[in-house]
Amino acid sequence: MERIHQGNGFAIIEKGDKIQITWPQGPYGHPVFYDISKENMEKALKSDQDAYKVMVYAETGNWPLEKDEQMEKRKAFIRRFPELLIKVPENQDLFDEEELKILLQQINEGL
């Protein structure tokens, strides 16, 4: 017997012991299918964010690097507004010596 769990932009198909996650992909929205574990099925059905993580894992074999991505976004923001290195000195710990020196020079040149 086949059970289909509908999600937001994806579906999970249980057929006997086999569980697959599927979603439309590419310019024509052709469905892709990936085998997943029961644990990942349960995780995907918890929330859209968890479903996204399971989909990335199913497709790539790697979980999304959330902390690294957040760190890179934070660093990119500080690069746009380097004065935050002075206003919030802890931000300086995010950068290596060389890049920190360049960013601090940008602040001095902007004054």
# chains A, B, ... in the order shown; residues from 1 in each chain; ligands from 1
>>> select_by_dssp(residues="chain A", states="alpha helix (DSSP H)", output="PyMOL selection string")
chain A and resi 38-44+48-60+66-80+84-87+97-110
>>> write_last_selection(atoms="N, CA and C atoms", output="compact mmCIF listing (two decimals), in the first residue's frame")
# COMPACT_ATOMS: atom_id res chain seq x y z
N LYS A 38 13.36 6.76 7.43
CA LYS A 38 12.15 7.09 8.18
C LYS A 38 12.40 8.31 9.07
N GLU A 39 13.59 8.40 9.66
CA GLU A 39 13.93 9.55 10.50
C GLU A 39 13.90 10.84 9.70
N ASN A 40 14.44 10.79 8.48
CA ASN A 40 14.43 11.99 7.65
C ASN A 40 13.03 12.33 7.16
N MET A 41 12.20 11.31 6.97
CA MET A 41 10.81 11.57 6.61
C MET A 41 10.13 12.34 7.74
N GLU A 42 10.31 11.86 8.96
CA GLU A 42 9.70 12.51 10.12
C GLU A 42 10.21 13.94 10.27
N LYS A 43 11.49 14.13 10.05
CA LYS A 43 12.09 15.46 10.13
C LYS A 43 11.49 16.38 9.07
N ALA A 44 11.37 15.90 7.84
CA ALA A 44 10.85 16.71 6.75
C ALA A 44 9.41 17.14 6.99
N ASP A 48 8.76 23.41 7.24
CA ASP A 48 9.32 23.71 5.91
C ASP A 48 10.83 23.80 5.95
N GLN A 49 11.36 24.37 7.02
CA GLN A 49 12.82 24.51 7.15
C GLN A 49 13.48 23.13 7.25
N ASP A 50 12.89 22.25 8.06
CA ASP A 50 13.44 20.90 8.17
C ASP A 50 13.30 20.15 6.84
N ALA A 51 12.20 20.37 6.14
CA ALA A 51 12.02 19.72 4.84
C ALA A 51 13.11 20.17 3.87
N TYR A 52 13.41 21.46 3.88
CA TYR A 52 14.48 21.98 3.02
C TYR A 52 15.80 21.29 3.33
N LYS A 53 16.11 21.14 4.62
CA LYS A 53 17.36 20.49 5.01
C LYS A 53 17.41 19.04 4.52
N VAL A 54 16.29 18.33 4.66
CA VAL A 54 16.24 16.95 4.20
C VAL A 54 16.39 16.89 2.68
N MET A 55 15.77 17.81 1.98
CA MET A 55 15.88 17.83 0.51
C MET A 55 17.33 18.08 0.08
N VAL A 56 18.01 19.01 0.73
CA VAL A 56 19.41 19.28 0.41
C VAL A 56 20.24 18.03 0.69
N TYR A 57 19.99 17.41 1.83
CA TYR A 57 20.73 16.19 2.18
C TYR A 57 20.47 15.07 1.18
N ALA A 58 19.22 14.89 0.80
CA ALA A 58 18.86 13.84 -0.15
C ALA A 58 19.57 14.06 -1.49
N GLU A 59 19.63 15.30 -1.91
CA GLU A 59 20.21 15.62 -3.21
C GLU A 59 21.74 15.61 -3.22
N THR A 60 22.35 16.08 -2.13
CA THR A 60 23.81 16.26 -2.13
C THR A 60 24.57 15.28 -1.25
N GLU A 66 24.48 25.57 8.10
CA GLU A 66 23.75 26.73 8.60
C GLU A 66 24.64 27.75 9.28
N LYS A 67 25.45 27.31 10.21
CA LYS A 67 26.27 28.25 10.96
C LYS A 67 27.28 28.94 10.05
N ASP A 68 27.87 28.18 9.14
CA ASP A 68 28.84 28.79 8.22
C ASP A 68 28.16 29.81 7.31
N GLU A 69 26.98 29.48 6.85
CA GLU A 69 26.25 30.42 5.99
C GLU A 69 25.90 31.69 6.75
N GLN A 70 25.45 31.53 7.98
CA GLN A 70 25.12 32.71 8.79
C GLN A 70 26.37 33.56 9.02
N MET A 71 27.48 32.89 9.28
CA MET A 71 28.73 33.59 9.52
C MET A 71 29.15 34.37 8.27
N GLU A 72 29.03 33.75 7.11
CA GLU A 72 29.41 34.42 5.87
C GLU A 72 28.51 35.62 5.59
N LYS A 73 27.23 35.51 5.87
CA LYS A 73 26.31 36.64 5.69
C LYS A 73 26.68 37.79 6.62
N ARG A 74 27.00 37.43 7.86
CA ARG A 74 27.39 38.44 8.83
C ARG A 74 28.67 39.15 8.40
N LYS A 75 29.64 38.36 7.93
CA LYS A 75 30.90 38.95 7.47
C LYS A 75 30.68 39.83 6.25
N ALA A 76 29.82 39.40 5.34
CA ALA A 76 29.54 40.19 4.14
C ALA A 76 28.90 41.52 4.53
N PHE A 77 28.01 41.50 5.51
CA PHE A 77 27.37 42.73 5.98
C PHE A 77 28.40 43.67 6.59
N ILE A 78 29.29 43.13 7.39
CA ILE A 78 30.33 43.95 8.02
C ILE A 78 31.29 44.50 6.97
N ARG A 79 31.56 43.72 5.93
CA ARG A 79 32.41 44.23 4.85
C ARG A 79 31.77 45.45 4.18
N ARG A 80 30.45 45.45 4.09
CA ARG A 80 29.75 46.60 3.49
C ARG A 80 29.76 47.79 4.44
N LEU A 84 31.31 48.90 11.70
CA LEU A 84 30.82 47.99 12.74
C LEU A 84 31.96 47.27 13.45
N LEU A 85 33.15 47.30 12.87
CA LEU A 85 34.32 46.73 13.52
C LEU A 85 34.75 47.58 14.72
N ILE A 86 34.46 48.87 14.65
CA ILE A 86 34.80 49.80 15.73
C ILE A 86 33.65 49.86 16.75
N LYS A 87 32.42 49.95 16.22
CA LYS A 87 31.26 50.06 17.10
C LYS A 87 31.02 48.78 17.91
N GLU A 97 43.81 38.34 10.23
CA GLU A 97 44.59 39.58 10.40
C GLU A 97 44.65 40.43 9.14
N GLU A 98 44.90 39.77 8.03
CA GLU A 98 45.07 40.48 6.77
C GLU A 98 43.80 41.22 6.35
N GLU A 99 42.68 40.51 6.38
CA GLU A 99 41.43 41.16 5.98
C GLU A 99 41.01 42.23 6.97
N LEU A 100 41.24 41.98 8.25
CA LEU A 100 40.91 42.98 9.26
C LEU A 100 41.69 44.26 9.03
N LYS A 101 42.94 44.13 8.70
CA LYS A 101 43.79 45.31 8.43
C LYS A 101 43.23 46.11 7.26
N ILE A 102 42.82 45.42 6.20
CA ILE A 102 42.26 46.08 5.01
C ILE A 102 40.97 46.81 5.37
N LEU A 103 40.10 46.15 6.13
CA LEU A 103 38.82 46.75 6.50
C LEU A 103 39.03 47.97 7.41
N LEU A 104 39.96 47.87 8.34
CA LEU A 104 40.24 49.01 9.21
C LEU A 104 40.82 50.19 8.43
N GLN A 105 41.61 49.89 7.39
CA GLN A 105 42.12 50.96 6.53
C GLN A 105 40.98 51.65 5.79
N GLN A 106 40.00 50.88 5.37
CA GLN A 106 38.84 51.46 4.68
C GLN A 106 38.12 52.44 5.58
N ILE A 107 38.03 52.11 6.85
CA ILE A 107 37.38 53.01 7.81
C ILE A 107 38.16 54.32 7.90
N ASN A 108 39.48 54.20 8.03
CA ASN A 108 40.32 55.40 8.17
C ASN A 108 40.27 56.26 6.91
N GLU A 109 40.20 55.65 5.74
CA GLU A 109 40.15 56.39 4.49
C GLU A 109 38.80 57.08 4.31
N GLY A 110 37.77 56.48 4.90
CA GLY A 110 36.42 57.04 4.78
C GLY A 110 36.17 58.22 5.71
>>> residues_around(residues="Gly9 (chain A)", least_positions_apart="4", cutoff="9 Å", atoms="only C-alpha atoms", output="list of chain:residue names")
A:Thr22, A:Trp23, A:Pro24
>>> write_last_selection(atoms="all heavy atoms", output="mmCIF file, in the first residue's frame")
data_model
loop_
_atom_site.group_PDB
_atom_site.id
_atom_site.type_symbol
_atom_site.label_atom_id
_atom_site.label_comp_id
_atom_site.auth_asym_id
_atom_site.auth_seq_id
_atom_site.Cartn_x
_atom_site.Cartn_y
_atom_site.Cartn_z
ATOM 1 N N THR A 22 10.117 13.624 -3.040
ATOM 2 C CA THR A 22 10.079 14.096 -4.422
ATOM 3 C C THR A 22 9.649 15.560 -4.455
ATOM 4 O O THR A 22 8.904 16.019 -3.588
ATOM 5 C CB THR A 22 9.121 13.238 -5.282
ATOM 6 O OG1 THR A 22 9.147 13.716 -6.631
ATOM 7 C CG2 THR A 22 7.702 13.255 -4.762
ATOM 8 N N TRP A 23 10.160 16.269 -5.455
ATOM 9 C CA TRP A 23 9.770 17.653 -5.691
ATOM 10 C C TRP A 23 10.085 18.002 -7.129
ATOM 11 O O TRP A 23 10.909 17.354 -7.778
ATOM 12 C CB TRP A 23 10.470 18.608 -4.721
ATOM 13 C CG TRP A 23 11.961 18.688 -4.881
ATOM 14 C CD1 TRP A 23 12.659 19.518 -5.713
ATOM 15 C CD2 TRP A 23 12.949 17.904 -4.192
ATOM 16 N NE1 TRP A 23 14.017 19.294 -5.578
ATOM 17 C CE2 TRP A 23 14.217 18.314 -4.657
ATOM 18 C CE3 TRP A 23 12.881 16.897 -3.243
ATOM 19 C CZ2 TRP A 23 15.401 17.750 -4.189
ATOM 20 C CZ3 TRP A 23 14.063 16.350 -2.785
ATOM 21 C CH2 TRP A 23 15.289 16.768 -3.249
ATOM 22 N N PRO A 24 9.404 19.017 -7.682
ATOM 23 C CA PRO A 24 9.692 19.430 -9.060
ATOM 24 C C PRO A 24 11.009 20.193 -9.111
ATOM 25 O O PRO A 24 11.342 20.959 -8.206
ATOM 26 C CB PRO A 24 8.513 20.332 -9.418
ATOM 27 C CG PRO A 24 7.968 20.797 -8.117
ATOM 28 C CD PRO A 24 8.304 19.758 -7.098
#
>>> select_by_dssp(residues="chain A", states="strand (DSSP E)", output="number ranges by chain")
A: 2-6, 11-15, 18-25, 30-35
>>> residues_around(residues="His5 (chain A)", least_positions_apart="6", cutoff="9 Å", atoms="only C-alpha atoms", output="ChimeraX atom specification")
/A:11-14,45
>>> residues_around(residues="Lys15 (chain A)", least_positions_apart="3", cutoff="8 Å", atoms="only C-alpha atoms", output="PyMOL selection string")
chain A and resi 1-3+18-19
>>> write_last_selection(atoms="N, CA and C atoms", output="mmCIF file, in the first residue's frame")
data_model
loop_
_atom_site.group_PDB
_atom_site.id
_atom_site.type_symbol
_atom_site.label_atom_id
_atom_site.label_comp_id
_atom_site.auth_asym_id
_atom_site.auth_seq_id
_atom_site.Cartn_x
_atom_site.Cartn_y
_atom_site.Cartn_z
ATOM 1 N N MET A 1 0.839 -1.181 0.000
ATOM 2 C CA MET A 1 0.000 0.000 0.000
ATOM 3 C C MET A 1 0.888 1.250 0.000
ATOM 4 N N GLU A 2 0.496 2.210 -0.748
ATOM 5 C CA GLU A 2 1.273 3.441 -0.898
ATOM 6 C C GLU A 2 0.616 4.575 -0.114
ATOM 7 N N ARG A 3 1.431 5.295 0.666
ATOM 8 C CA ARG A 3 0.961 6.483 1.383
ATOM 9 C C ARG A 3 1.731 7.683 0.865
ATOM 10 N N LYS A 18 10.102 1.181 1.509
ATOM 11 C CA LYS A 18 10.798 2.213 0.741
ATOM 12 C C LYS A 18 10.122 3.570 0.958
ATOM 13 N N ILE A 19 10.957 4.572 1.257
ATOM 14 C CA ILE A 19 10.454 5.935 1.442
ATOM 15 C C ILE A 19 11.229 6.842 0.495
#
>>> closest_residue(among="A:Gly61, A:Gln25, A:Phe81, A:Gln20", to="Ser37 (chain A)", atoms="only C-alpha atoms")
A:Gln20
>>> atom_distance(atom1="CA of Lys46 (chain A)", atom2="CA of Trp63 (chain A)")
16.4 Å
